[in-house]
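Participant: One structure follows; several queries about it will come next.
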Amino acid sequence: MKRNFLYLAVLTLLSVLVLWLYASGKGTADKVTVNAFLMPEITKQINDVDQVEIVSAGNNTVATLVKTGTGWQFEQMGGYRANWSRLQALLAALAQAKVVEPKTDKVEYYALLGVEDIDSDDAGGVLVRISTGDQTTGILIGHRAKGGSGQYVRLQNAAASALVDRKLDVSTVQLDWADAGILDINASEVAQVEIIHPQAERVFVARISADQTDFDLVGLPLGREFRSSWAVNSLASVFSMLNMETVRPADSIDWSDAVKMRLLMFSGVEIMADMVEADDMYLLRLSASHPAANVVDQQARDSRDSAEQQEIEKQAMDDVAKTVEDINQKVSGWAYGISKQKYDAMVVMPEDLLKPEESQ
């Protein structure tokens, strides 16, 4: 009995050893050079890359990112801006990645490392195709090494896999490859918020200066009280960390029954928004202007000589104009899908801010 058990243990150990030998690439026919760059062509031509494609299991194209004269665009989102910081980090990591150790060239062991072909629905890795002109290189990004800092990879048309010296962040969430941030305006910068519904219901909150802690609810009905200061003040935060969930061309949406919002900043920047619910989504379009920028207070005006004051005012106006230009350049022509929570905060009715009559 003990002899049989010992025999099985030896067989198991031998099986594990054979598996390790294959996975570690001993005797591989397709050589991988230790300490060499994984993708030397990309390392040399990193600035010439003009397309990157991310493909997940089942040959599902997550994102096709294309370089244009104005930056990187996301084809699956109508040419919207790509997430350049994420893309740049990936390209830099691939360009700098070096081989730590050769791994298996046996097809039957690819799945152990997550570097099998991407056709299967249960493939463990992600395929990244990088194009420079008419040349395209595909690389399969597999599992991260256990207990180490590297990751398993395999060039798509090569047999040998390898362990590289860094982790490669390749998300299969489509939105991660888009520039999802729309606006981020701190509530402290907001002077007024006005919401106008198609049926003419109107909400208007305002404060005279940034030193005023609470907003006033303008036009409070006689005998009514607002629900809470928080409910009123929270309207100034609607454009704080505003992110999209999807995006599409604005001209594909019917805006005729949109709820409108006007937000005025102390700098004089004015942001107009239209909000509609359509196709089971909560959609928003934006534009910015500076119709009456008031960027220098009177005390500052009186305390400086004319030439110095004019220079300050010019710089302040230039800053406001640049802010407006940057916002419009980003949002013009786009309809953003936003969360229901953000949408609901933008379309509040007057009654939403008031205490029920019977409780007063």
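In the structure tokens, chains take the letters A, B, ... in the order shown, each chain's residues start at 1, and ligands count up from 1 in the order shown.
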Residues at most 10 Å from stretch 88-92 of chain A, counting only C-alpha atoms, excluding those fewer than 3 positions away in the same chain, as a list in words?
Facilitator: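 So, after excluding close chain neighbours, the residues are Ile42, Thr43, Ile46, Asn47, Val49, Val52, Asn83, Trp84, Ser85, Ala95, Gln96, Ala97, Val128, Ile130, Lys167, Leu168, Asp169 and Val170 of chain A.
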Participant: Suppose we keep N, CA and C atoms; can you now write the selection as an mmCIF file, in the first residue's frame?
Facilitator:
data_model
loop_
_atom_site.group_PDB
_atom_site.id
_atom_site.type_symbol
_atom_site.label_atom_id
_atom_site.label_comp_id
_atom_site.auth_asym_id
_atom_site.auth_seq_id
_atom_site.Cartn_x
_atom_site.Cartn_y
_atom_site.Cartn_z
ATOM 1 N N ILE A 42 8.840 48.626 -32.067
ATOM 2 C CA ILE A 42 8.001 49.630 -31.412
ATOM 3 C C ILE A 42 8.857 50.549 -30.549
ATOM 4 N N THR A 43 9.865 49.997 -29.915
ATOM 5 C CA THR A 43 10.776 50.807 -29.098
ATOM 6 C C THR A 43 11.424 51.907 -29.936
ATOM 7 N N ILE A 46 8.205 54.419 -31.492
ATOM 8 C CA ILE A 46 7.069 54.657 -30.609
ATOM 9 C C ILE A 46 6.289 55.911 -31.001
ATOM 10 N N ASN A 47 6.974 56.948 -31.450
ATOM 11 C CA ASN A 47 6.294 58.199 -31.806
ATOM 12 C C ASN A 47 5.577 58.122 -33.154
ATOM 13 N N VAL A 49 3.661 55.444 -33.991
ATOM 14 C CA VAL A 49 2.468 54.587 -33.873
ATOM 15 C C VAL A 49 1.227 55.422 -34.181
ATOM 16 N N VAL A 52 -3.937 51.802 -32.433
ATOM 17 C CA VAL A 52 -3.851 50.752 -31.414
ATOM 18 C C VAL A 52 -5.224 50.130 -31.284
ATOM 19 N N ASN A 83 -8.585 58.173 -24.303
ATOM 20 C CA ASN A 83 -7.923 58.409 -23.023
ATOM 21 C C ASN A 83 -6.411 58.357 -23.256
ATOM 22 N N TRP A 84 -5.834 59.515 -23.532
ATOM 23 C CA TRP A 84 -4.437 59.568 -23.922
ATOM 24 C C TRP A 84 -3.509 59.117 -22.803
ATOM 25 N N SER A 85 -3.819 59.460 -21.563
ATOM 26 C CA SER A 85 -2.918 59.087 -20.472
ATOM 27 C C SER A 85 -2.835 57.570 -20.327
ATOM 28 N N ALA A 95 6.979 49.607 -25.080
ATOM 29 C CA ALA A 95 8.235 50.030 -25.706
ATOM 30 C C ALA A 95 9.437 49.748 -24.805
ATOM 31 N N GLN A 96 9.221 49.787 -23.496
ATOM 32 C CA GLN A 96 10.324 49.612 -22.551
ATOM 33 C C GLN A 96 10.439 48.190 -22.009
ATOM 34 N N ALA A 97 9.435 47.350 -22.274
ATOM 35 C CA ALA A 97 9.404 45.998 -21.704
ATOM 36 C C ALA A 97 10.580 45.161 -22.201
ATOM 37 N N VAL A 128 -3.292 43.097 -28.144
ATOM 38 C CA VAL A 128 -3.051 44.500 -28.483
ATOM 39 C C VAL A 128 -2.385 44.538 -29.855
ATOM 40 N N ILE A 130 -0.696 46.943 -32.609
ATOM 41 C CA ILE A 130 -0.077 48.261 -32.731
ATOM 42 C C ILE A 130 0.356 48.464 -34.178
ATOM 43 N N LYS A 167 4.387 45.100 -15.401
ATOM 44 C CA LYS A 167 2.965 44.809 -15.535
ATOM 45 C C LYS A 167 2.370 45.712 -16.608
ATOM 46 N N LEU A 168 1.448 45.160 -17.367
ATOM 47 C CA LEU A 168 0.850 45.875 -18.498
ATOM 48 C C LEU A 168 -0.644 46.045 -18.247
ATOM 49 N N ASP A 169 -1.069 47.277 -18.115
ATOM 50 C CA ASP A 169 -2.466 47.582 -17.801
ATOM 51 C C ASP A 169 -3.270 47.688 -19.090
ATOM 52 N N VAL A 170 -4.014 46.633 -19.424
ATOM 53 C CA VAL A 170 -4.811 46.617 -20.654
ATOM 54 C C VAL A 170 -6.263 46.320 -20.278
#
Participant: Find the spatial neighbours of stretch 278-284 of chain A, counting only C-alpha atoms, within a cut-off of 10 Å - ignore same-chain residues fewer than 5 positions away - and output them as a list in words.
Facilitator: Met244, Glu245, Thr246, Val247, Arg248, Ala250, Ile253, Asp254, Trp255, Ala258, Val259, Lys260, Ala273, Trp334, Ala335, Tyr336, Gly337, Ile338, Ser339, Lys340, Gln341, Lys342, Tyr343, Asp344 and Met346 of chain A
Participant: Could you give me the residues within stretch 159-237 of chain A that DSSP places in alpha helix (DSSP H), as a PyMOL selection string?
Facilitator: chain A and resi 229-233
Participant: So how many Å separate atom CA of A:Asp318 and atom CA of A:Phe204, to one decimal?
Facilitator: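 Computed distance, atom CA of A:Asp318 to atom CA of A:Phe204, equals 28.7 Å.
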Participant: Select, from A:Leu155, A:Val99, A:Leu354, A:Val347, the residue with the minimum atom-to-atom distance to A:Ile195, counting only C-alpha atoms.
Facilitator: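 Selected residue with least distance to A:Ile195: A:Val347.
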Participant: Write down as a PyMOL selection string the residues of stretch 85-288 of chain A whose backbone DSSP state falls under strand (DSSP E or B).
Facilitator: chain A and resi 98-102+126-132+135-144+151-155+162-164+178+181-183+190-196+202-206+216-217+226+242-243+246-249+259-265+270-278+281-288
Participant: Once you have the residues from the selection above, write them out as a PDB file, in the first residue's frame, restricted to C-alpha atoms.
Facilitator:
ATOM      1  CA  LYS A  98      12.328  43.589 -21.593  1.00  0.00           C
ATOM      2  CA  VAL A  99      12.353  39.807 -21.519  1.00  0.00           C
ATOM      3  CA  VAL A 100      13.113  38.349 -18.099  1.00  0.00           C
ATOM      4  CA  GLU A 101      12.716  34.718 -19.016  1.00  0.00           C
ATOM      5  CA  PRO A 102      11.635  32.670 -22.052  1.00  0.00           C
ATOM      6  CA  VAL A 126      -5.953  40.436 -24.295  1.00  0.00           C
ATOM      7  CA  LEU A 127      -4.613  41.107 -27.779  1.00  0.00           C
ATOM      8  CA  VAL A 128      -3.051  44.500 -28.483  1.00  0.00           C
ATOM      9  CA  ARG A 129      -2.451  45.354 -32.138  1.00  0.00           C
ATOM     10  CA  ILE A 130      -0.077  48.261 -32.731  1.00  0.00           C
ATOM     11  CA  SER A 131       0.203  49.818 -36.177  1.00  0.00           C
ATOM     12  CA  THR A 132       2.850  52.081 -37.661  1.00  0.00           C
ATOM     13  CA  GLN A 135       2.958  47.540 -40.429  1.00  0.00           C
ATOM     14  CA  THR A 136       0.989  45.939 -37.590  1.00  0.00           C
ATOM     15  CA  THR A 137       2.348  43.972 -34.652  1.00  0.00           C
ATOM     16  CA  GLY A 138       0.077  41.974 -32.359  1.00  0.00           C
ATOM     17  CA  ILE A 139       0.973  41.008 -28.824  1.00  0.00           C
ATOM     18  CA  LEU A 140      -0.999  38.799 -26.462  1.00  0.00           C
ATOM     19  CA  ILE A 141      -0.959  40.089 -22.888  1.00  0.00           C
ATOM     20  CA  GLY A 142      -1.415  37.173 -20.499  1.00  0.00           C
ATOM     21  CA  HIS A 143      -1.529  36.625 -16.748  1.00  0.00           C
ATOM     22  CA  ARG A 144       0.584  38.486 -14.258  1.00  0.00           C
ATOM     23  CA  GLN A 151       3.640  39.545 -16.908  1.00  0.00           C
ATOM     24  CA  TYR A 152       3.431  36.761 -19.469  1.00  0.00           C
ATOM     25  CA  VAL A 153       3.222  37.768 -23.129  1.00  0.00           C
ATOM     26  CA  ARG A 154       3.495  36.310 -26.604  1.00  0.00           C
ATOM     27  CA  LEU A 155       3.910  38.017 -29.927  1.00  0.00           C
ATOM     28  CA  ALA A 162       7.988  35.166 -22.401  1.00  0.00           C
ATOM     29  CA  LEU A 163       7.919  36.779 -19.001  1.00  0.00           C
ATOM     30  CA  VAL A 164       8.571  40.532 -19.203  1.00  0.00           C
ATOM     31  CA  ALA A 178     -12.216  57.156 -23.723  1.00  0.00           C
ATOM     32  CA  GLY A 181     -14.103  63.328 -17.794  1.00  0.00           C
ATOM     33  CA  ILE A 182     -16.446  66.060 -19.050  1.00  0.00           C
ATOM     34  CA  LEU A 183     -16.167  68.914 -16.546  1.00  0.00           C
ATOM     35  CA  VAL A 190     -20.243  78.952  -8.711  1.00  0.00           C
ATOM     36  CA  ALA A 191     -22.303  82.139  -8.339  1.00  0.00           C
ATOM     37  CA  GLN A 192     -25.660  81.133  -9.869  1.00  0.00           C
ATOM     38  CA  VAL A 193     -27.531  78.065 -11.045  1.00  0.00           C
ATOM     39  CA  GLU A 194     -30.754  78.289 -12.999  1.00  0.00           C
ATOM     40  CA  ILE A 195     -32.908  75.375 -14.191  1.00  0.00           C
ATOM     41  CA  ILE A 196     -35.761  75.927 -16.650  1.00  0.00           C
ATOM     42  CA  ARG A 202     -37.926  77.509 -12.818  1.00  0.00           C
ATOM     43  CA  VAL A 203     -35.335  76.994 -10.119  1.00  0.00           C
ATOM     44  CA  PHE A 204     -32.876  79.797  -9.452  1.00  0.00           C
ATOM     45  CA  VAL A 205     -30.248  79.811  -6.699  1.00  0.00           C
ATOM     46  CA  ALA A 206     -27.599  82.485  -6.265  1.00  0.00           C
ATOM     47  CA  ASP A 216     -30.338  81.827  -1.698  1.00  0.00           C
ATOM     48  CA  LEU A 217     -33.349  80.228  -3.349  1.00  0.00           C
ATOM     49  CA  PHE A 226     -36.857  75.295   1.475  1.00  0.00           C
ATOM     50  CA  LEU A 242     -18.909  65.132 -14.125  1.00  0.00           C
ATOM     51  CA  ASN A 243     -18.039  61.985 -16.080  1.00  0.00           C
ATOM     52  CA  THR A 246     -21.200  57.007 -23.149  1.00  0.00           C
ATOM     53  CA  VAL A 247     -21.097  59.612 -25.921  1.00  0.00           C
ATOM     54  CA  ARG A 248     -22.673  60.185 -29.308  1.00  0.00           C
ATOM     55  CA  PRO A 249     -23.024  63.053 -31.820  1.00  0.00           C
ATOM     56  CA  VAL A 259     -34.587  70.801 -19.529  1.00  0.00           C
ATOM     57  CA  LYS A 260     -32.178  73.722 -19.618  1.00  0.00           C
ATOM     58  CA  MET A 261     -29.581  74.733 -17.069  1.00  0.00           C
ATOM     59  CA  ARG A 262     -27.462  77.860 -16.791  1.00  0.00           C
ATOM     60  CA  LEU A 263     -24.488  77.906 -14.432  1.00  0.00           C
ATOM     61  CA  LEU A 264     -22.583  81.153 -13.879  1.00  0.00           C
ATOM     62  CA  MET A 265     -19.150  81.186 -12.279  1.00  0.00           C
ATOM     63  CA  GLU A 270     -21.310  80.799 -18.189  1.00  0.00           C
ATOM     64  CA  ILE A 271     -22.160  77.179 -18.995  1.00  0.00           C
ATOM     65  CA  MET A 272     -25.407  76.227 -20.689  1.00  0.00           C
ATOM     66  CA  ALA A 273     -26.719  72.659 -20.590  1.00  0.00           C
ATOM     67  CA  ASP A 274     -29.592  70.781 -22.209  1.00  0.00           C
ATOM     68  CA  MET A 275     -30.753  67.537 -20.589  1.00  0.00           C
ATOM     69  CA  VAL A 276     -33.084  64.894 -22.011  1.00  0.00           C
ATOM     70  CA  GLU A 277     -33.980  61.289 -21.292  1.00  0.00           C
ATOM     71  CA  ALA A 278     -33.922  59.216 -24.488  1.00  0.00           C
ATOM     72  CA  MET A 281     -30.195  57.008 -21.356  1.00  0.00           C
ATOM     73  CA  TYR A 282     -29.744  60.322 -19.588  1.00  0.00           C
ATOM     74  CA  LEU A 283     -28.199  62.709 -22.093  1.00  0.00           C
ATOM     75  CA  LEU A 284     -26.512  66.071 -21.767  1.00  0.00           C
ATOM     76  CA  ARG A 285     -25.057  68.631 -24.159  1.00  0.00           C
ATOM     77  CA  LEU A 286     -23.028  71.654 -23.121  1.00  0.00           C
ATOM     78  CA  SER A 287     -21.676  74.982 -24.306  1.00  0.00           C
ATOM     79  CA  ALA A 288     -19.703  77.754 -22.622  1.00  0.00           C
TER      80      ALA A 288
END
Participant: Which residue is closest to A:Gly78? Choose from A:Ser228, A:Asn59, A:Ser252, A:Ser234 and count only C-alpha atoms.
Facilitator: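 Among the listed residues, A:Ser252 lies closest to A:Gly78.
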Participant: To one decimal place, how far is atom CA of A:Ala316 from atom CA of A:Arg207 in Å?
Facilitator: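 It comes out at 21.6 Å.
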Participant: Give the answer as one residue: which of A:Gly71, A:Gly79, A:Pro350, A:Gly148 has the shortest atom-to-atom distance to A:Leu220, using only C-alpha atoms?
Facilitator: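 For A:Leu220, the nearest of the candidates is A:Pro350.
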Participant: Could you list, as a compact mmCIF listing (two decimals) with C-alpha atoms, in the first residue's frame, every residue within 8 Å of A:His290, counting only C-alpha atoms and ignoring same-chain residues fewer than 5 positions away?
Facilitator:
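Saved as selection_5.txt:
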# COMPACT_ATOMS: atom_id res chain seq x y z
CA GLY A 268 -17.89 85.26 -15.61
CA VAL A 269 -17.78 81.91 -17.39
CA GLU A 270 -21.31 80.80 -18.19
CA VAL A 320 -11.57 83.41 -18.97
CA ALA A 321 -11.57 83.29 -22.77
CA VAL A 324 -14.37 78.97 -22.46
Participant: List as a list in words the protein and nucleic acid residues near A:Asp119, meaning an atom at most 10 Å away when only C-alpha atoms are counted, but skip any in the same chain fewer than 5 places from it.
Facilitator: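 Close residues of A:Asp119: Val55, Ser56, Ala57, Gly58, Asn59 and Asn60 of chain A.
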Participant: As an exercise, work out the distance from atom CA of A:Thr172 to atom CA of A:Gly114 in Å and give it to one decimal place.
Facilitator: 14.6 Å
Participant: Pick the closest to A:Pro221 from A:Lys106, A:Arg86, A:Lys44, A:Lys355: which is it, counting only C-alpha atoms?
Facilitator: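 The closest residue to A:Pro221 is A:Lys355.
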Participant: Hey, which of A:Ala236, A:Leu38, A:Ile54, A:Ala82 ends up closest to A:Lys67? Count only C-alpha atoms.
Facilitator: A:Ala82
